[in-house]
$ cat my_file-v9.cif   # mmCIF, C-alpha atoms
data_coords
#
loop_
_atom_site.label_atom_id
_atom_site.label_comp_id
_atom_site.auth_asym_id
_atom_site.auth_seq_id
_atom_site.Cartn_x
_atom_site.Cartn_y
_atom_site.Cartn_z
CA MET A 2 124.45 -24.45 90.01
CA LYS A 3 122.10 -23.15 87.31
CA ILE A 4 118.55 -22.23 88.34
CA VAL A 5 116.06 -21.63 85.53
CA PHE A 6 112.71 -19.90 86.12
CA LEU A 7 110.38 -21.00 83.31
CA ASP A 8 107.45 -18.64 83.95
CA ALA A 9 108.85 -15.96 86.24
CA LYS A 10 106.18 -13.44 85.28
CA THR A 11 103.60 -15.48 87.21
CA LEU A 12 105.43 -14.39 90.37
CA GLY A 13 105.19 -10.67 89.59
CA GLU A 14 107.74 -8.12 88.50
CA ASP A 15 108.22 -6.71 92.00
CA ILE A 16 109.89 -9.82 93.42
CA ASP A 17 113.58 -9.74 94.40
CA PHE A 18 115.56 -12.69 92.99
CA ALA A 19 118.80 -11.77 94.80
CA GLN A 20 118.49 -14.64 97.27
CA PHE A 21 118.55 -17.12 94.36
CA GLN A 22 121.54 -15.42 92.76
CA ALA A 23 123.44 -16.14 95.95
CA LEU A 24 122.99 -19.86 95.21
CA GLY A 25 124.20 -19.84 91.62
CA GLU A 26 123.48 -18.65 88.10
CA VAL A 27 119.86 -17.56 87.62
CA VAL A 28 118.09 -17.41 84.26
CA ARG A 29 114.53 -16.09 84.07
CA TYR A 30 111.97 -16.46 81.30
CA ASP A 31 108.61 -14.70 81.47
CA PHE A 32 106.73 -17.71 80.06
CA SER A 33 107.68 -21.02 78.45
CA SER A 34 105.85 -23.50 76.26
CA GLU A 35 106.75 -27.19 76.50
CA ASP A 36 108.89 -26.87 73.37
CA GLU A 37 110.66 -23.79 74.72
CA ALA A 38 111.16 -25.48 78.09
CA ARG A 39 112.90 -28.39 76.40
CA GLU A 40 115.55 -26.07 75.04
CA ARG A 41 115.75 -23.82 78.11
CA THR A 42 116.25 -26.63 80.63
CA LYS A 43 119.06 -28.44 78.79
CA ASP A 44 121.77 -27.36 81.24
CA ALA A 45 119.65 -26.56 84.29
CA ASP A 46 120.31 -28.10 87.70
CA VAL A 47 117.07 -26.66 89.12
CA ILE A 48 113.93 -25.43 87.40
CA VAL A 49 111.34 -23.24 89.10
CA LEU A 50 107.88 -22.98 87.58
CA ASN A 51 104.23 -22.45 88.25
CA LYS A 52 102.07 -23.67 85.36
CA VAL A 53 104.50 -25.21 82.83
CA GLN A 54 103.85 -28.89 82.12
CA ILE A 55 106.83 -30.94 83.30
CA ASN A 56 107.15 -34.21 81.41
CA GLU A 57 109.42 -36.01 78.98
CA LYS A 58 108.63 -33.51 76.24
CA SER A 59 109.55 -30.45 78.28
CA ILE A 60 112.61 -31.76 80.20
CA GLY A 61 113.69 -34.77 78.13
CA GLU A 62 117.05 -33.16 77.33
CA ALA A 63 117.70 -31.77 80.82
CA LYS A 64 120.59 -34.11 81.60
CA HIS A 65 121.77 -32.21 84.72
CA LEU A 66 118.36 -31.62 86.24
CA LYS A 67 118.16 -32.61 89.91
CA LEU A 68 115.26 -30.61 91.36
CA VAL A 69 111.90 -29.23 90.16
CA CYS A 70 110.29 -26.55 92.34
CA VAL A 71 106.64 -25.62 91.86
CA THR A 72 105.72 -22.15 93.11
CA ALA A 73 102.26 -23.35 94.13
CA THR A 74 100.54 -26.04 96.17
CA GLY A 75 99.03 -27.96 93.26
CA THR A 76 101.28 -30.32 91.28
CA ASN A 77 98.92 -31.56 88.57
CA ASN A 78 101.37 -30.26 85.96
CA LEU A 79 104.12 -32.66 87.04
CA ASP A 80 104.55 -36.11 85.48
CA LYS A 81 105.68 -37.63 88.77
CA ASP A 82 106.24 -41.09 87.30
CA TYR A 83 108.65 -39.63 84.76
CA LEU A 84 110.45 -37.60 87.43
CA GLU A 85 110.81 -40.69 89.61
CA GLN A 86 112.11 -42.70 86.67
CA ARG A 87 114.75 -40.02 86.08
CA GLY A 88 115.59 -39.68 89.79
CA ILE A 89 114.59 -36.01 89.77
CA ALA A 90 113.22 -34.62 93.04
CA TRP A 91 110.31 -32.19 93.20
CA ARG A 92 108.99 -29.75 95.77
CA ASN A 93 105.80 -27.72 96.09
CA VAL A 94 104.79 -25.03 98.59
CA ALA A 95 101.84 -25.01 100.97
CA GLY A 96 100.68 -22.51 103.57
CA TYR A 97 102.38 -19.45 102.10
CA SER A 98 99.15 -17.61 101.20
CA THR A 99 96.81 -18.42 104.08
CA GLU A 100 96.52 -14.83 105.29
CA SER A 101 96.25 -13.43 101.78
CA VAL A 102 93.45 -15.78 100.67
CA THR A 103 91.60 -15.32 103.96
CA GLN A 104 91.75 -11.55 103.57
CA HIS A 105 90.43 -11.77 100.02
CA THR A 106 87.61 -14.04 101.15
CA PHE A 107 86.31 -11.35 103.49
CA ALA A 108 86.94 -8.58 100.96
CA MET A 109 84.67 -10.40 98.51
CA CYS A 110 82.11 -11.14 101.21
CA PHE A 111 81.78 -7.51 102.31
CA TYR A 112 81.71 -6.21 98.73
CA LEU A 113 78.66 -8.38 98.05
CA LEU A 114 77.07 -8.26 101.49
CA GLU A 115 77.07 -4.45 101.70
CA LYS A 116 76.34 -3.79 97.99
CA LEU A 117 79.47 -1.66 97.82
CA ASN A 118 79.53 -1.46 94.03
CA TYR A 119 76.05 0.11 94.05
CA TYR A 120 76.91 2.70 96.70
CA ASP A 121 80.25 3.59 95.13
CA SER A 122 78.53 4.10 91.77
CA TYR A 123 75.73 6.10 93.41
CA VAL A 124 78.23 8.63 94.69
CA LYS A 125 80.50 8.69 91.63
CA GLU A 126 77.51 9.21 89.34
CA GLU A 127 76.80 12.29 91.50
CA SER A 128 73.39 11.09 92.62
CA TYR A 129 74.42 12.00 96.16
CA VAL A 130 75.16 15.61 95.23
CA ASN A 131 72.38 17.77 96.71
CA ASP A 132 70.42 14.63 97.60
CA CYS A 133 67.27 15.23 99.67
CA MET A 134 68.51 13.15 102.61
CA PHE A 135 71.86 12.70 104.37
CA THR A 136 71.75 8.93 103.90
CA HIS A 137 70.77 6.70 101.03
CA PHE A 138 70.10 3.01 101.61
CA SER A 139 67.88 1.82 98.78
CA GLU A 140 69.96 -1.36 98.53
CA THR A 141 69.46 -2.90 101.95
CA PHE A 142 72.16 -4.99 103.61
CA HIS A 143 72.62 -6.96 106.81
CA GLU A 144 75.22 -7.42 109.52
CA LEU A 145 77.52 -10.41 109.38
CA LYS A 146 76.93 -10.99 113.09
CA GLY A 147 74.39 -13.75 113.67
CA LYS A 148 74.81 -15.27 110.21
CA VAL A 149 75.74 -18.89 109.53
CA TRP A 150 79.04 -19.28 107.64
CA GLY A 151 79.50 -22.66 105.98
CA ILE A 152 83.00 -23.74 104.98
CA ILE A 153 83.71 -26.42 102.40
CA GLY A 154 87.23 -27.67 103.10
CA LEU A 155 88.58 -26.96 106.58
CA GLY A 156 92.29 -26.90 105.85
CA ASN A 157 94.65 -24.10 106.89
CA ILE A 158 92.75 -21.44 104.97
CA GLY A 159 89.34 -22.78 105.93
CA LYS A 160 90.30 -22.75 109.61
CA ARG A 161 91.59 -19.18 109.39
CA VAL A 162 88.35 -18.09 107.72
CA ALA A 163 86.39 -19.90 110.44
CA MET A 164 88.32 -18.09 113.17
CA ILE A 165 87.65 -14.66 111.67
CA ALA A 166 84.02 -15.44 110.88
CA GLU A 167 83.55 -16.34 114.53
CA ALA A 168 85.16 -13.05 115.52
CA PHE A 169 82.48 -11.28 113.49
CA GLY A 170 79.82 -13.21 115.38
CA CYS A 171 79.02 -15.94 112.86
CA GLU A 172 78.08 -19.51 113.62
CA VAL A 173 80.53 -21.69 111.69
CA LEU A 174 79.64 -24.99 110.05
CA TYR A 175 81.96 -27.08 107.92
CA TYR A 176 81.87 -30.02 105.53
CA SER A 177 84.86 -32.31 105.04
CA THR A 178 85.08 -33.10 101.32
CA SER A 179 87.33 -36.12 101.94
CA GLY A 180 85.48 -37.35 105.01
CA ARG A 181 88.85 -37.77 106.72
CA ASN A 182 89.50 -34.34 108.24
CA HIS A 183 87.66 -33.41 111.42
CA ASP A 184 87.92 -30.52 113.86
CA SER A 185 86.08 -30.51 117.17
CA GLN A 186 86.34 -26.72 117.42
CA TYR A 187 83.65 -26.28 114.73
CA ARG A 188 80.42 -28.12 113.95
CA GLU A 189 80.76 -30.68 111.19
CA VAL A 190 77.62 -31.23 109.10
CA THR A 191 76.61 -33.02 105.93
CA PHE A 192 76.98 -31.26 102.60
CA GLU A 193 73.21 -30.89 102.31
CA GLU A 194 72.85 -29.38 105.79
CA LEU A 195 75.66 -26.92 105.19
CA LEU A 196 74.04 -25.70 101.97
CA SER A 197 70.55 -25.35 103.43
CA LYS A 198 71.57 -23.60 106.66
CA SER A 199 74.38 -21.26 105.59
CA ASP A 200 74.04 -17.57 104.79
CA ILE A 201 77.57 -17.55 103.40
CA VAL A 202 79.18 -20.60 101.81
CA SER A 203 82.90 -20.39 101.09
CA VAL A 204 84.96 -23.04 99.31
CA HIS A 205 88.58 -23.58 100.36
CA ALA A 206 89.02 -27.17 99.17
CA PRO A 207 91.53 -28.66 96.72
CA LEU A 208 90.45 -30.15 93.40
CA THR A 209 89.95 -33.89 93.90
CA PRO A 210 87.60 -36.51 92.47
CA GLU A 211 85.32 -35.77 95.43
CA THR A 212 85.20 -32.00 94.82
CA GLU A 213 85.17 -31.73 91.02
CA GLY A 214 81.72 -30.48 90.01
CA LEU A 215 80.57 -30.54 93.65
CA MET A 216 78.71 -27.25 93.27
CA ASP A 217 76.20 -28.22 90.60
CA GLU A 218 72.54 -27.48 89.85
CA ARG A 219 71.34 -29.60 92.76
CA ALA A 220 73.75 -27.95 95.20
CA PHE A 221 72.75 -24.39 94.29
CA SER A 222 69.06 -25.30 94.47
CA ARG A 223 69.55 -26.34 98.12
CA MET A 224 70.99 -22.98 99.19
CA LYS A 225 69.09 -20.06 100.69
CA LYS A 226 67.83 -17.56 98.13
CA THR A 227 69.70 -14.84 100.04
CA ALA A 228 72.96 -16.81 100.39
CA ILE A 229 76.34 -15.55 99.24
CA PHE A 230 78.56 -18.18 97.59
CA LEU A 231 82.35 -17.72 97.50
CA ASN A 232 84.86 -19.93 95.70
CA LEU A 233 88.51 -19.45 96.62
CA GLY A 234 89.44 -23.12 96.18
CA ARG A 235 89.65 -24.41 92.62
CA GLY A 236 87.55 -23.42 89.62
CA PRO A 237 86.35 -26.87 88.48
CA ILE A 238 84.70 -27.41 91.87
CA VAL A 239 81.90 -25.23 90.45
CA LYS A 240 79.81 -26.03 87.40
CA GLU A 241 79.76 -22.55 85.96
CA GLN A 242 76.61 -22.93 83.89
CA ALA A 243 74.79 -24.12 87.00
CA LEU A 244 76.02 -21.07 88.92
CA ALA A 245 75.00 -18.70 86.13
CA ASP A 246 71.54 -20.28 86.02
CA ALA A 247 71.20 -20.05 89.81
CA LEU A 248 72.14 -16.36 89.83
CA ASN A 249 69.85 -15.51 86.93
CA ALA A 250 66.94 -17.40 88.49
CA GLY A 251 67.47 -15.85 91.93
CA GLU A 252 68.17 -19.23 93.54
CA ILE A 253 71.03 -17.63 95.48
CA GLY A 254 71.72 -14.02 96.38
CA ALA A 255 75.22 -13.45 95.02
CA ALA A 256 78.53 -15.11 94.22
CA GLY A 257 82.19 -14.17 94.42
CA LEU A 258 84.81 -16.17 92.53
CA ASP A 259 88.57 -15.86 92.47
CA VAL A 260 89.04 -19.06 90.46
CA LEU A 261 87.48 -20.35 87.26
CA ALA A 262 87.35 -23.71 85.49
CA HIS A 263 89.62 -22.33 82.75
CA GLU A 264 92.11 -19.55 83.41
CA PRO A 265 92.37 -17.08 81.80
CA MET A 266 88.59 -16.87 81.31
CA LEU A 267 87.23 -18.40 78.11
CA PRO A 268 85.00 -16.33 75.81
CA GLU A 269 82.22 -18.91 76.13
CA ASN A 270 82.13 -18.81 79.93
CA PRO A 271 78.43 -18.33 80.82
CA LEU A 272 79.32 -16.06 83.73
CA ARG A 273 80.49 -13.41 81.26
CA GLU A 274 76.88 -12.53 80.58
CA ILE A 275 76.20 -11.45 84.18
CA LYS A 276 77.16 -7.77 84.42
CA ASP A 277 75.42 -6.94 87.69
CA SER A 278 78.20 -6.57 90.27
CA LYS A 279 75.71 -6.87 93.12
CA LYS A 280 75.10 -10.43 91.93
CA LEU A 281 78.52 -11.54 90.77
CA LEU A 282 82.09 -10.55 91.56
CA ILE A 283 84.99 -12.26 89.76
CA THR A 284 88.63 -11.50 90.44
CA PRO A 285 91.40 -12.93 88.21
CA HIS A 286 92.97 -15.48 90.59
CA ILE A 287 94.55 -12.83 92.82
CA ALA A 288 93.65 -14.04 96.32
CA TRP A 289 97.04 -15.72 96.78
CA ALA A 290 99.06 -12.83 95.37
CA SER A 291 99.62 -10.22 98.09
CA VAL A 292 103.18 -8.90 98.14
CA GLU A 293 103.73 -10.63 101.48
CA ALA A 294 102.44 -14.00 100.23
CA ARG A 295 104.58 -13.92 97.09
CA SER A 296 107.64 -12.89 99.09
CA ASN A 297 106.96 -15.70 101.54
CA LEU A 298 106.59 -18.13 98.65
CA MET A 299 109.97 -17.16 97.20
CA GLN A 300 111.71 -17.48 100.55
CA ILE A 301 110.30 -20.99 100.95
CA VAL A 302 111.36 -22.05 97.44
CA CYS A 303 114.85 -20.64 97.93
CA GLY A 304 115.09 -22.52 101.24
CA GLN A 305 114.01 -25.74 99.52
CA ILE A 306 116.79 -25.40 96.95
CA ARG A 307 119.38 -24.56 99.61
CA ASP A 308 118.31 -27.45 101.84
CA PHE A 309 118.20 -29.94 98.97
CA PHE A 310 121.74 -29.29 97.85
CA SER A 311 123.11 -28.99 101.41
CA PHE A 312 121.62 -32.40 102.14
CA ARG A 313 123.16 -33.86 98.96
CA ASN A 314 126.54 -32.43 99.87
#
$ encode --input "my_file-v9.cif" --output "structure tokens"
Amino acid sequence: MKIVFLDAKTLGEDIDFAQFQALGEVVRYDFSSEDEARERTKDADVIVLNKVQINEKSIGEAKHLKLVCVTATGTNNLDKDYLEQRGIAWRNVAGYSTESVTQHTFAMCFYLLEKLNYYDSYVKEESYVNDCMFTHFSETFHELKGKVWGIIGLGNIGKRVAMIAEAFGCEVLYYSTSGRNHDSQYREVTFEELLSKSDIVSVHAPLTPETEGLMDERAFSRMKKTAIFLNLGRGPIVKEQALADALNAGEIGAAGLDVLAHEPMLPENPLREIKDSKKLLITPHIAWASVEARSNLMQIVCGQIRDFFSFRN
């Protein structure tokens, strides 16, 4: 069996591929364009990828290909009709990063809630050296206890965030973006009620026709002026110009984003102009990427390959 990784660098350079080598020949490429993939998949039995577009152009000459494994939950980059026509199976991975994304959600929340960038800079700029008082709290902050935490998308990650928010003493509200998922453990509200009542709003929803552009000018205008907005779902759920305008106008207190509409970030992204880290925190799509989550991901993918070929045999 030949297993070809088309964009192995997206998994990190600290990942052990030995478990795959036990299954067969392994070939790894850091990144692959569609044209490069066409050549590189010619004799592959399995391809493993994250962002590469899989279609007739990229795998049209892959005559031995039996399985496509996506090292992510989203599969928008797969031409599923073409794969079905060719009789090629595909697999994706869900649930591998729940703890990692949840942890990052709270890291972003506390960074913004407690104005940590300001206080870190205050000390590092040596303003605290020989200060007149033992404490300095010019930038006021509040406890998380007693706040209302609104969750958009109560899937695995949303539920884990809800559980921890409750442990901190928050009241949890949620909005089902599909209208199909319900959980009696938490209070379900309308989108408008969630926005108007929440002190923290965190997004953990997939990108669907219902969620694309959900957070627009009207949505931000309904939020509390002190609210913290967090997006750890998908970038296009947020209209970035609307968010930039809301932050600049003081319509919301602060925002933390781990995902953007275009990744890597485009030069024309309006959020680039906001340099105040008390208002805006952006991380480069790292919430999923703890060592444990990536290791878990690879174990799942390796298991999928093993199970697929054991079943066929």
$ residues_around --input "my_file-v9.cif" --residues "region 193-203 of chain A" --least-positions-apart "2" --cutoff "6 Å" --atoms "only C-alpha atoms" --output "PDB file with C-alpha atoms, in the frame of the given file"
ATOM      1  CA  LYS A 148      74.810 -15.270 110.210  1.00  0.00           C
ATOM      2  CA  VAL A 149      75.740 -18.890 109.530  1.00  0.00           C
ATOM      3  CA  TRP A 150      79.040 -19.280 107.640  1.00  0.00           C
ATOM      4  CA  GLY A 151      79.500 -22.660 105.980  1.00  0.00           C
ATOM      5  CA  ILE A 152      83.000 -23.740 104.980  1.00  0.00           C
ATOM      6  CA  THR A 191      76.610 -33.020 105.930  1.00  0.00           C
ATOM      7  CA  ARG A 223      69.550 -26.340  98.120  1.00  0.00           C
ATOM      8  CA  MET A 224      70.990 -22.980  99.190  1.00  0.00           C
ATOM      9  CA  ALA A 228      72.960 -16.810 100.390  1.00  0.00           C
ATOM     10  CA  ILE A 229      76.340 -15.550  99.240  1.00  0.00           C
ATOM     11  CA  PHE A 230      78.560 -18.180  97.590  1.00  0.00           C
ATOM     12  CA  LEU A 231      82.350 -17.720  97.500  1.00  0.00           C
ATOM     13  CA  ASN A 232      84.860 -19.930  95.700  1.00  0.00           C
TER      14      ASN A 232
END
$ resolve_selection --input "my_file-v9.cif" --expression "the PyMOL selection byres ((chain A and resi 77) around 10)" --output "mmCIF file with C-alpha atoms, in the coordinates of the input"
data_model
loop_
_atom_site.group_PDB
_atom_site.id
_atom_site.type_symbol
_atom_site.label_atom_id
_atom_site.label_comp_id
_atom_site.auth_asym_id
_atom_site.auth_seq_id
_atom_site.Cartn_x
_atom_site.Cartn_y
_atom_site.Cartn_z
ATOM 1 C CA LYS A 52 102.070 -23.670 85.360
ATOM 2 C CA GLN A 54 103.850 -28.890 82.120
ATOM 3 C CA ILE A 55 106.830 -30.940 83.300
ATOM 4 C CA THR A 74 100.540 -26.040 96.170
ATOM 5 C CA GLY A 75 99.030 -27.960 93.260
ATOM 6 C CA THR A 76 101.280 -30.320 91.280
ATOM 7 C CA ASN A 78 101.370 -30.260 85.960
ATOM 8 C CA LEU A 79 104.120 -32.660 87.040
ATOM 9 C CA ASP A 80 104.550 -36.110 85.480
ATOM 10 C CA LYS A 81 105.680 -37.630 88.770
ATOM 11 C CA LEU A 208 90.450 -30.150 93.400
#
$ resolve_selection --input "my_file-v9.cif" --expression "the PyMOL selection byres ((chain A and resi 73) around 7)" --output "list in words"
Asn51, Val71, Thr72, Thr74, Gly75, Asn93 and Val94 of chain A
$ residues_around --input "my_file-v9.cif" --residues "Val204 (chain A)" --least-positions-apart "6" --cutoff "10 Å" --atoms "all atoms listed in the file" --output "number ranges by chain"
A: 106, 151-155, 158-159, 175-176, 216, 230-235, 238-239, 258
$ write_last_selection --input "my_file-v9.cif" --atoms "C-alpha atoms" --output "PDB file, in the coordinates of the input"
ATOM      1  CA  THR A 106      87.610 -14.040 101.150  1.00  0.00           C
ATOM      2  CA  GLY A 151      79.500 -22.660 105.980  1.00  0.00           C
ATOM      3  CA  ILE A 152      83.000 -23.740 104.980  1.00  0.00           C
ATOM      4  CA  ILE A 153      83.710 -26.420 102.400  1.00  0.00           C
ATOM      5  CA  GLY A 154      87.230 -27.670 103.100  1.00  0.00           C
ATOM      6  CA  LEU A 155      88.580 -26.960 106.580  1.00  0.00           C
ATOM      7  CA  ILE A 158      92.750 -21.440 104.970  1.00  0.00           C
ATOM      8  CA  GLY A 159      89.340 -22.780 105.930  1.00  0.00           C
ATOM      9  CA  TYR A 175      81.960 -27.080 107.920  1.00  0.00           C
ATOM     10  CA  TYR A 176      81.870 -30.020 105.530  1.00  0.00           C
ATOM     11  CA  MET A 216      78.710 -27.250  93.270  1.00  0.00           C
ATOM     12  CA  PHE A 230      78.560 -18.180  97.590  1.00  0.00           C
ATOM     13  CA  LEU A 231      82.350 -17.720  97.500  1.00  0.00           C
ATOM     14  CA  ASN A 232      84.860 -19.930  95.700  1.00  0.00           C
ATOM     15  CA  LEU A 233      88.510 -19.450  96.620  1.00  0.00           C
ATOM     16  CA  GLY A 234      89.440 -23.120  96.180  1.00  0.00           C
ATOM     17  CA  ARG A 235      89.650 -24.410  92.620  1.00  0.00           C
ATOM     18  CA  ILE A 238      84.700 -27.410  91.870  1.00  0.00           C
ATOM     19  CA  VAL A 239      81.900 -25.230  90.450  1.00  0.00           C
ATOM     20  CA  LEU A 258      84.810 -16.170  92.530  1.00  0.00           C
TER      21      LEU A 258
END
$ closest_residue --input "my_file-v9.cif" --among "A:Thr284, A:Asn297, A:Ser139, A:Gln86" --to "Leu261 (chain A)" --atoms "only C-alpha atoms"
A:Thr284
$ resolve_selection --input "my_file-v9.cif" --expression "the PyMOL selection byres ((chain A and resi 39) around 12)" --output "list in words"
Val5, Leu7, Ser33, Ser34, Glu35, Asp36, Glu37, Ala38, Glu40, Arg41, Thr42, Lys43, Asp44, Ala45, Ile48, Val53, Gln54, Ile55, Asn56, Glu57, Lys58, Ser59, Ile60, Gly61, Glu62, Ala63, Lys64 and Leu66 of chain A
$ write_last_selection --input "my_file-v9.cif" --atoms "C-alpha atoms" --output "CSV table (one decimal), keeping the file's coordinate frame"
chain,number,residue,atom,x,y,z
A,5,VAL,CA,116.1,-21.6,85.5
A,7,LEU,CA,110.4,-21.0,83.3
A,33,SER,CA,107.7,-21.0,78.4
A,34,SER,CA,105.8,-23.5,76.3
A,35,GLU,CA,106.8,-27.2,76.5
A,36,ASP,CA,108.9,-26.9,73.4
A,37,GLU,CA,110.7,-23.8,74.7
A,38,ALA,CA,111.2,-25.5,78.1
A,40,GLU,CA,115.6,-26.1,75.0
A,41,ARG,CA,115.8,-23.8,78.1
A,42,THR,CA,116.2,-26.6,80.6
A,43,LYS,CA,119.1,-28.4,78.8
A,44,ASP,CA,121.8,-27.4,81.2
A,45,ALA,CA,119.6,-26.6,84.3
A,48,ILE,CA,113.9,-25.4,87.4
A,53,VAL,CA,104.5,-25.2,82.8
A,54,GLN,CA,103.8,-28.9,82.1
A,55,ILE,CA,106.8,-30.9,83.3
A,56,ASN,CA,107.2,-34.2,81.4
A,57,GLU,CA,109.4,-36.0,79.0
A,58,LYS,CA,108.6,-33.5,76.2
A,59,SER,CA,109.6,-30.4,78.3
A,60,ILE,CA,112.6,-31.8,80.2
A,61,GLY,CA,113.7,-34.8,78.1
A,62,GLU,CA,117.0,-33.2,77.3
A,63,ALA,CA,117.7,-31.8,80.8
A,64,LYS,CA,120.6,-34.1,81.6
A,66,LEU,CA,118.4,-31.6,86.2
$ closest_residue --input "my_file-v9.cif" --among "A:Asn270, A:Thr136, A:Thr141, A:Gln20" --to "Ser296 (chain A)" --atoms "only C-alpha atoms"
A:Gln20
$ closest_residue --input "my_file-v9.cif" --among "A:Val173, A:Ala255, A:Met266, A:Leu272" --to "His286 (chain A)" --atoms "only C-alpha atoms"
A:Met266
$ atom_distance --input "my_file-v9.cif" --atom1 "CA of Phe21 (chain A)" --atom2 "CA of Lys67 (chain A)"
16.1 Å
$ atom_distance --input "my_file-v9.cif" --atom1 "CA of His137 (chain A)" --atom2 "CA of Gly254 (chain A)"
21.3 Å
$ atom_distance --input "my_file-v9.cif" --atom1 "CA of Tyr129 (chain A)" --atom2 "CA of Phe107 (chain A)"
27.2 Å
$ residues_around --input "my_file-v9.cif" --residues "Ala250 (chain A)" --least-positions-apart "3" --cutoff "12 Å" --atoms "all atoms listed in the file" --output "PyMOL selection string"
chain A and resi 218+221-222+226+243-247+253-255+275+280
$ closest_residue --input "my_file-v9.cif" --among "A:Ile306, A:Ala256, A:Leu50, A:Ala19" --to "Phe111 (chain A)" --atoms "all atoms listed in the file"
A:Ala256
$ closest_residue --input "my_file-v9.cif" --among "A:Lys279, A:Arg29, A:His263, A:Lys240" --to "Val49 (chain A)" --atoms "only C-alpha atoms"
A:Arg29
$ closest_residue --input "my_file-v9.cif" --among "A:Arg188, A:Arg161, A:Thr178, A:Asp121" --to "Ser98 (chain A)" --atoms "only C-alpha atoms"
A:Arg161
$ residues_near_point --input "my_file-v9.cif" --point "(101.3, -6.3, 96.9)" --cutoff "12 Å" --atoms "only C-alpha atoms" --output "ChimeraX atom specification"
/A:12-16,101,287-297
$ axis_aligned_box --input "my_file-v9.cif" --around "region 148-151 of chain A" --padding-each-side "4 Å" --output "JSON"
{"center_x": 77.2, "center_y": -19.0, "center_z": 108.1, "size_x": 12.7, "size_y": 15.4, "size_z": 12.2}
